[in-house]
Amino acid sequence: MKRTIIATMILTASATTGMAQVSGYPYTQVPFTSVKITPNTFWGDRIQAAREVTIPLAFSKCESEHRYKNFEMAAYTLQHPGHEGLQTPEWDVAKFMGFSFDDTDVYKTIEGASYVLQTFPDNKLKAYIDSVLDVVGAAQEPDGYLYTARTINPQHPHGWSGEKRWEKEDFLSHELYNLGHMVDAACAHYQATGSTKFLDIARRYADCVVREVGPNAGQACIVPGHQIAEMALARLYVLTGEKKYLDEAKFLLDYRGKTGRLDIYSQSDKPVVEQTEAWGHAVRAGYMYAGMADVAALTGDSAYIKAIDTIYENIVGRKYYLTGGVGARHAGEAFGADYELPNLTAYNETCAAISMVYLFERMFLLHGDAKYIDCLERTLYNGVISGMSVDGGKFFYPNPLSSNGEYAFNADRTKTRQPWFGCACCPSNLCRFIPSMPGYMYGVHGSNLYVNLYAANTANITVNGKNVTLEESTQYPWDGDISIKVLQNKAKAFNMMIRIPGWVQNQVVPSSLYSFSDDILSGYEVSVNGQPVDGELQNGYLVINRNWKKGDIIRIHFDMPVRTVIASPRVADDRGRVAVERGPLVYCAEWADNEGINPHHLLLAAQPQFEVKPAYGITNTEGDGQTFHVTAITAKAQEAAITAEGRLSAKDVTVTLIPYYAWNHRGAGKMDVWLARSLSGLED
């Protein structure tokens, strides 16, 4: 039975500035500021790569690709209105600004850098961000409006912008999209540094939007052409306690399907509470669904809760790739129909995977069920990190589950990893997302402390108003052994909620879309101070209740056998095929590990035997040539071929599989996640 949740509003004071904060979700996310990921670990390495490579690269692109210059030119026009330069080609916005949302590359990079400051305090980086904010703030108009695509040359703005403010917001201007990324970045900067410098800029723009955009006379009654402002404004409300921001977020959702744009691509064909399926542009959709969950929690609106529950079930039950990606269609970067999940032409934009993490986290915060974190984990370890090379310097825009080395659509984006894109939303989104990962580790609800993700870290968590400090040690996802030590506990007795992943419980995803095809039964063991802990699971969590003492150690062991997966027969592209998983990781066969073997022509046995190869080295030739290590898998298979006489022949081969996220580090070539297990599954 679905539960209708009426959120309780709790006002607290920020220790930094006395700013009122709101908690509307029944379950509380432990903030990124409270969790320190351990260096030289799986996630420690990724955050370090973001810090040392991705974020500096993004800042350098803001310099070389005119992003900072846009703000400087807008500031000059504000200081010299009507200046003669406006009539010259050098000030023709259409010639130097690629997209009306280019400003967001600056905002997203600042957001990522702010998250990094928590793990790696850096006064030089902090000062650099401050200098960038000086440039950004100077471009803000007196009433708070901040959109360089118009301010640079008000009489001849960017072609997507329209002659007046908000005139083309339903379609292409991205004025509210820019606001959304600005607010998200400003909130992160404030949380990380305690400085209100960026937050003040963002609030002035948000206040401008509250005044000018709405249903009342004299306001522009429009909704975002590209969603994200909704969840950003909800975040601003949670941070400040000012209800006008929540009201604006709800307006932007309530009026969808009621303004000048009515189409599935932008999820505006009908009001959001009447939508039951995921359709249209996958990134726009994911951001909107996350915003709906925010409004559902913060207002207790049962219609919103029902709608977002139904949409979630549609995604995970019918439109969700095994890698946790979404967006089957290249056309429109969009969701497809139910069970439309092609592999070779899958779009699966990196940004769309990130949007799913936002949605799944919010679904957990609404309902407190581990199944949402199971989906989050799948997307995180496969659909998200596949978008960035291990060294942090090259990126994927789409993430297909099969490759012939010459992907037919947008080959420049998909044939091999790229150092940047003209439309840089994916690299800059990874800039902000990867360092935010510590904020997804834990949750709290009353006397329950939820251990959601597994990664080596130290966390300071508030339970019932009292501090609890935990230290987690693990090599996850390479093995299933985890140790959690209590370093400090002022809360005394509370429930430690240990998530038992769905893959341990013989469930691939919380639907019938995928299932394990082998007869292996995984198991788990949990002990406290060497004493086994048994008990029934509650919503996917093992509950351990005790008066916790300093030095207590929880040891968790998850079996990590290699498993084979099949898709629902309704997924046409996966019929006769099998995929391979181990723990949270999906594996693939790539040309570089299998010389002379075509992954498209492999036949895997019905009950294949696997061998796990720890510390398998992969030379990152797409980056700096350094070798990184993964746990690989080998299996006996057959490679089918057509002889010169037209006969089918097959030979025994040994195939090596690597984690999907690690593919294409050695150049373009053939790759497959889904391998044939019958002749019907073979590709041409």
# chains A, B, ... in the order shown; residues from 1 in each chain; ligands from 1
>>> closest_atom_pairs(of="stretch 222-299 of chain A", to="stretch 364-367 of chain A", cutoff="12 Å", atoms="only C-alpha atoms", output="JSON lines")
{"residue": "A:Ala290", "atom": "CA", "partner": "A:Leu366", "partner_atom": "CA", "distance": 11.3}
{"residue": "A:Met292", "atom": "CA", "partner": "A:Leu366", "partner_atom": "CA", "distance": 11.3}
{"residue": "A:Ala293", "atom": "CA", "partner": "A:Leu366", "partner_atom": "CA", "distance": 7.7}
{"residue": "A:Asp294", "atom": "CA", "partner": "A:Leu366", "partner_atom": "CA", "distance": 8.8}
{"residue": "A:Val295", "atom": "CA", "partner": "A:Leu366", "partner_atom": "CA", "distance": 10.8}
{"residue": "A:Ala296", "atom": "CA", "partner": "A:Leu366", "partner_atom": "CA", "distance": 8.4}
{"residue": "A:Ala297", "atom": "CA", "partner": "A:Leu366", "partner_atom": "CA", "distance": 6.5}
{"residue": "A:Leu298", "atom": "CA", "partner": "A:Leu366", "partner_atom": "CA", "distance": 10.0}
{"residue": "A:Thr299", "atom": "CA", "partner": "A:Leu366", "partner_atom": "CA", "distance": 11.9}
>>> write_last_selection(atoms="N, CA and C atoms", output="compact mmCIF listing (two decimals), in the first residue's frame")
# COMPACT_ATOMS: atom_id res chain seq x y z
N ALA A 290 12.58 15.12 -9.95
CA ALA A 290 13.23 15.42 -8.67
C ALA A 290 12.57 16.62 -8.01
N MET A 292 9.48 17.57 -8.45
CA MET A 292 8.17 17.14 -7.99
C MET A 292 8.27 16.44 -6.63
N ALA A 293 9.31 15.63 -6.47
CA ALA A 293 9.50 14.95 -5.19
C ALA A 293 9.77 15.97 -4.09
N ASP A 294 10.55 16.99 -4.40
CA ASP A 294 10.81 18.05 -3.42
C ASP A 294 9.51 18.72 -2.98
N VAL A 295 8.70 19.11 -3.96
CA VAL A 295 7.44 19.79 -3.64
C VAL A 295 6.50 18.85 -2.91
N ALA A 296 6.49 17.58 -3.30
CA ALA A 296 5.66 16.60 -2.60
C ALA A 296 6.01 16.55 -1.12
N ALA A 297 7.31 16.52 -0.83
CA ALA A 297 7.74 16.42 0.56
C ALA A 297 7.49 17.71 1.33
N LEU A 298 7.81 18.82 0.70
CA LEU A 298 7.77 20.11 1.39
C LEU A 298 6.36 20.64 1.58
N THR A 299 5.42 20.18 0.76
CA THR A 299 4.03 20.64 0.89
C THR A 299 3.09 19.56 1.39
>>> closest_residue(among="A:Pro501, A:Ser473, A:Thr654, A:Gln87", to="A:Asn40", atoms="only C-alpha atoms")
A:Ser473
>>> atom_distance(atom1="atom CA of A:Asp518", atom2="atom CA of A:Thr564")
6.1 Å
>>> select_by_dssp(residues="stretch 204-237 of chain A", states="alpha helix (DSSP H)", output="JSON, numbers by chain")
{"A": [204, 205, 206, 207, 208, 209, 210, 211, 212, 229, 230, 231, 232, 233, 234, 235, 236, 237]}
